[in-house]
Structure formats: structure tokens, C-alpha cells
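S.K.: Take a look at the following structure, please.
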Amino acid sequence: MGELALALGRELVGEVRDDEYTRHLFAADASAYAVEPAAVAFPRTAEDVSAAVRICAERGVPVVARGGGTSLAGQTAGGRGLVLDFSRHMNVIDAIDPDARRVRVQPGVVQEDLNRAAKRFGLGFGPDTSTSNRATLGGMIGNNSSGSESIVHGTTIDHVEELEVVLADGSQATFSRDSTHAFDEPVKAILREHARAIAEDYPKHWRQSGGYRLDRMEPFDLSKLIVGSEGTLAIVTAATVRLVELPKAKMFSVGHFASVADAIAATQDALDLHPWAVEMIDRTILSLSRAKLEYRKLSDRLEGDPGALLFVSFAGDTDDEVRGKLDALAAAWQQHGHGYHTLRAETAAEQNELTKVRKAGLGLLMASSEGRKRPAAFVEDTAVAPERLGPYVERFAQILDRHGLEAGFYGHCSVGCLHIRPFIDLSEDVETFRTVAEEIKDLVAEFDGVNSSEHGDGRVRSEFNERIFGPELYGAMRKVKTLFDPHNRLNPGVMVDPAPMTADLRDATLPKRPNPLVTHLDFGEGGMYAAADRCQRIGACRKTGQGVMCPSYMATREEEHATRGRANALVKALSEPDPAKAMGDERLHEILDLCLECKACKSECPLSVDMASMKSEFLSHYNAIHGTPLRSRVFAGIRTLNRLGSAFAPLSNLPAPTGLLGITSKRPRPVFERENLIRWNRKRARRTGRPVTFLADSFTTFTEPGVGRASIELLTAAGYDVRLEHAGCCGRASISKGLLDDARAKAESLTERLLKTEGPITGCEPSCLMTLREEHVQLLGDRGIAERTRLVEELLLDSELPLRNDTPQRIVFHGHCHQKALAGTASTVQLLKRIPNTEVVELDAGCCGMAGSFGFESEHYELSMRIGALRLFPAVRREPAETLIAATGVSCRQQIQHGTGRAARHPVQIVRDALE
């Protein structure tokens, strides 16, 4: 380690790292910028932060504070010194005071985690950012974030009561309305000296997120200067914030409009009814949402092909009160000829599904990138008065047209803020980048708007602050910076005295044409490098309380264990002159090792970064350099092992030593069945009907044949003539271990046999079935097998099965990760709901943590159980003993049994029990 890291390591309780990969991962945030730091520290206490800042001050080293790394303006892009990552350890929520409606939090607390904790008191944090599932309170304070409901709740500065901070010399202080500090009198002198400029020279729009908030210092409160200062004045170690009362009822309407201009024109009718939010997305984002399983439910409910949608939210004390507002809005729009259809979302479930698309607007727009021509964040944060938004957007579009730029439009019509992101190649067209920024800045001034309305100044807009605020007000801000940080060590180059907006652009530092890595899997145009570089670092993979992505990150809170971290690590390796050699790097293996290959990133990441496929490809090259481990070869031959285990059952079920292979003794092994699915199938009577091929997978066939039997019996009852395909393996296990040549041979053999069959191809194990849809296409190209492959539940839904159940029952269902990512779980839930007298609840419990062989490996066992314990195990344990537990994956059922003691069954077994 370097001298700085060693010095920090001697005094900090938290970890310190300065290896190449860590420095690379923390060089960039969600902006266009990247600056590689000297080291990264993960503080655990305020004393850690104080020590780190003091050590850096003694050495003249800059310090950048970082939360979720989701800044769009470059506030947390590295910094050539030390980066302090608060998100990993400093994320404690103190006891909530419901009477005072306040709580003390550490800066690494994620907004949605705070909202979950406060919800039981009927409270929440007012500013509602679209990145609430990964944005930290420290980052929101640094940015003065706001969000969709700012017309009701204002911005973060309106909710901060007290800040505990570390100053530039390493000393600690507390700033609040009631506290005193040595800085009080110097700041008051600045306020007196520049009173006129402070009163007159700030932009007129209230939703201000740029510059230091000298205009918010009455009553005097130094914490107001820190909010929005982007880590340039002090580093926050704790904050006491106010909470707001949650409405008892909340609903919204989704207006359909032919164009963005029509949607903007309808905004005033909505504002007249005092909504909580008015949000817009355009056709570009809608079109992208239709292509993604995770976001398709909105488009399924739309009428026609709208050019724009307007989401108008209302809240109140009763459902009837809120419905009355929806009625009034519909009447006003009809009276004034706005829009052609209005959709309502009255229940929480409807609202959650529909708002997914609105909140994913940025990521979906990013997904439409071509090469390095991407929707860049540099003029995306302007705001004007809502009544002037129409002509403003028209002029904005004219500037883009003049420069030949396209853009997506979405954002907050309620406050005149649209996030307009032009598609531009920042590795080439830097001059246009600057020119457009200059022209938009002047346009904003013409319309009395603000250049930074919620994303802050950062590296992209700080250069314009002197012209925006005027020389006197900007001079006052420089005095504030000098007072708090006389040696310019805290996030230098941001807010005042900045570098040009064109400095430190990330794409300009990447190789124009990296040497391609020859791969086994087809990653499309640009190969594996382009597949990794799809990640635009927006951090959707850092969510912790919903969905599946990314299981290991949810357990460790390590940046390198999120899809973003792994993708950026691969970008670094694949940028090397010899990328094949770089695939052998041990540190890169360490970063990728804990990827469970759940494939959730393929669907839940708006940009569809497919880390599972990239890990398999990486392992194939790593193995070529270091040799394939014996354990990997054993797991790749799982079909042969399971077939032999079945043949020698029950002797094969006796305890056997597995320690030499690195298989944990803590987990029970699968139990082999002598009467396996293949033997049972030979004895069953065939019936005439529609042909279907049933895949006898390598797992349930020999250990849980009852699942296959139930599937075949249901298919037969549905009128199918079932043919069992049992001659070989799909290669799923080989793929997961990087044995891609072996997987290709298995895929080729299976495909040749399946091509000779008729009708659909189905099965009961989602991981094997989805391999036919996904990896076989990547290995062999599309041979028509993928489109024939359907889940057994999908086939059964097409038929009317005679089901009977006289006793009310409850089923909780946990879907397999590959099923969720590639096919969805709707068919399974619908099939279960066909059972009479049955309540079906689908768990949002993430990944079970087993992931095939991953949970059997000694070094991964503890993490596997930690992942299961995050949400799945507690959800199962909360259910009464009579509740039926259903899970489609064999690994999921093993993990549930091991982690909770509850037996889980495949849904087809439960449906088979109800078959008359």
C-alpha cells in the first residue's frame, strides 16, 4: 500500500484500500466524469472521518465524501486524493421520535431504508427522489435534493435541523439553529457585506440547487450553508432531519397526450387542483419500457401510442376525497381538450407497477445508447416557471435541432424541470458539449430559471456560477469557501474556482478501439467490452430492499459486489492492451467471484447489463490461464453424478466426505431417488394429444422426480402427448463454472435432438429451461429452439384444468431468479390462483442465496445464508404452519428447507394435488 493508505490504516477502524481496481471503481459516479483517487476509505465512525481528514490535511491531500455514487453532475467522481465511502458502514438510523417527527441518521442511510423505518409511525422523508432506493441522505444533503413531490415538501434544506460535521482541519462541529461556532461571526460579516447581492442576485426560481445558500441564513443557521455545498465546506457525519406525515390516501392519473407540448399544456389544469406531483415521460422512454420485462406492465395498460404521459398524483385523508380530485382533473382536461385518454392508479399495487417506468426514466434512456453516443447529463437540470415551460422547451428543442442532437424528455412539470438529455459522444464531440451548455445556460437566464434545480453544480455546471450569480454574489461564495476550507482540500474544483466543464471526461480517457477479446459467448456488436461498458453507473444495482439485483451487494454493501462495480472492473481489464491476459488477474477474480449469476441485472438493470454471462466468459479465460479447478469439473458433470447417485440409492445417500472438494459440511446434500423420473416415465401409459417435449433436467429428475411427475400428469390432463428428453444435459452447470467449450458441446448435442421433435419444449426447472432460451443462443446462434421453449406453467394456462379444493388455503410463492429475469412469474402466480379457495401471495424476497452450487461451496456458504436471511427466511418464518410454501427452483427449495426448516414444493405439485 502507498504511504497515504498506510497512514490511514494505522488510525482508522474502517478499511482503507488503494489497489488499482478499487481506485478505478471509485473514480466515476453516474456523471460523465472520472478522476482516479489515491485511496478509498470506508469509515465506521465520525472519529474515523476526523482522523482521515486530519491526515489528508497534514499531507495536502484532497478529500471527497461519497454516498451512493449516483451524482449526475460529477460531485463524487474521484478527486485525486482520498474518497470516503459512507454507504458501507455509516448507515445507522437512530430511534425515530414520532411526536417531534424527527430522526438522527448517519450519511450512508439510503432514503428508502429511512422511509421503511418511519412508515410504521405514518411518517416519511419529504424529498422523494427517483433514486430513493439507493440515494443516501448524505448525498441528498450535499446536493439539496428534491424530487417529484417538491411542490408539497420543498427540498432537502427544508428538512434539515442539525448537522454533525468534520471540518477541513479534521475538527468536529455541530451546526444548527441553536448551536454556536467560531465561524458564526465571519459568516455574519459576509452576510452583512453582501446583503444586496444576496437579496437580489440569486435566480428567481425557488427550486435552487446551485451555489451556497446564503439566501437561506435567516434565521442564522450554519447547517443551511452545508446543505447543497457538495462536500466543499464540511463533511457530514450525522444529520437530524424532520419527517413528514404520510397521507392516508394517495392515487394518481396518467394522462395520454399526442406530444410533449400537449402534455405541458395540460399541466396548469393539474396545478390548479393542488397535486402532490406532476411528472412527464415521453414516447422515447415509453418505447424503451416496452422492450423490458421489468417495466412492461405500464405499456400493457396504455391506450394507443401516446407521445407523452403525464402522471398527476393527489393525496388526502380519504379515498373518496382523492377520487374526487381525479374526477375534477379528468373533467378539466376534457373541458379544455387536453389529451385523449386518462388511466387511473388507485391501489398501491397499481401505483408501484406504473411508477417503476417513471422512476427508471434515466436508465431506460441510457439503454438506447449506441456505442459511446449516450444521453449525457449536462443540461438536464434546468427549471423555469411552469407557466413558461411550453415556450422554454420549444426553444430548447430548437437549440438541439441546430446542433443535430436528439434527446429524451422526462421530469417534473410541476416545477418546470424537465430532464432533457441530448445524445452525444463525449469521446469525440466535446466542442458541441460545451457550446450547447453555454446556449442553454443563456436560455435559462432569459426565462428567469435556474441552471441547477436538483442535481447540483458538480464538475459540469460549476464553471458557469460566476456568470449565473454575478461577480459580487460569487465573490461572497468564494469567501465562504475560503473561511471553511482555506487550503481548498474538500472536493476542490466544485462550486467555486472550478476546472473547465470539459476536463476529466470519462469517455475521453477510454481506448477508442480496445483490442477485442475473442469470446465463446456472443455479446453482440462491440463484444464483451461494449457489453460491460453498457453500464452508465446510475447505481440501480445498489438497491437493498426490493427486487433481486444484486444479491451479494445487498449482503456486503460493497461497491465491487454490485453489478456496477463488476461491470466497471471488466471495462478496466478489457481496456488493457492484452485483455486475455488481464482476465487472469486475481483481484478481478475476487471482484467477480461473489456474483451469483442470478441474471437479475439482465432485467432489473434498465440498461440490461448481463453480468451473469460476462462472469461465465471471464471464468473461461481465467481457467485457461490458471487451470480449471477439480470442483468446477465435478459440478459441471452434475448430471452424471446425479444419475449415479440415483442408480446406487439408498447407499449414495449415506454421509460422504466432501471437504477435499471445498464443499461445505454445514449444508444437507440432495437426497437421491432410485425411482427417478426416467424410470417412472418408462412405465407410464402414453396418451394421444398435442406433442410436447419435456426436459428431464439434471436436478429434479434424480432428486425430486415428484416435480416432473406432477408436471407430466398435468400436461397429460391438459391434452398433451408428453415425450421425455433425457439423453443429456443442457450445460447449465458448465456455463456457471466457465467451462464453455463443454457447455457448447452439450448444447449442440441437446439442440440436435430437440430439432427432431415437434411442438413446444417445456420443463419444471427454470434454470435449465431458460438456458435454452438464453445461453444456447449465445453459444450456437438462434436455431428456433428458444421460441419453442416455454415454462410448464405457461403451457398449462392455455388449458382448462379441472381443479378442486374445498378447504381455504394460503400459498406464498418464491420465484426462481432466472425465471424472474427471463420469463417472469406471472404464469406461475396465475396458475396457482386457479385453484379454488386459494389465496396466493408472491414474495418480493430477492434471491434465495443458493444459486446452484454456489451455496454448497465452503467459501460461499456464509454469504449464501446471509442473502437468504435478508428477506426470504424472515418472510417464510412469518407464515403460519398451515401456509403452503411454493418455489419453482430446486436450489430455492433446498435453501428454504435449510434456512427455515419449512418444506417448499414446486407450484405444479400443489396444482396436481387439486386436479380432480
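Ordering of the C-alpha cells sets the chain letters (A, B, ...); residue numbers start at 1 within each chain; ligands are numbered from 1 in the order shown.
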List as number ranges by chain the protein and nucleic acid residues near A:Arg564, meaning an atom at most 7 Å away when only C-alpha atoms are counted, but skip any in the same chain fewer than 5 places from it.
M.R.: A: 535, 537, 539, 541
S.K.: Please run DSSP on the backbone and report, as an NGL selection string, all residues within stretch 15-183 of chain A that come out as helix (DSSP H, G or I).
M.R.: :A and (20-25 or 46-59 or 111-119 or 137-143 or 150-153 or 156-158)
S.K.: Tell me which of A:Ile151, A:Leu483, A:Ala685, A:Cys847 sits closest to A:Ala555, counting only C-alpha atoms.
M.R.: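 For A:Ala555, the nearest of the given residues is A:Cys847.
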S.K.: At a cut-off of 10 Å, using only C-alpha atoms, what residues contact A:Asp585? Leave out same-chain residues fewer than 6 positions from it and give the result as an NGL selection string.
M.R.: :A and (573 or 622 or 625-626)
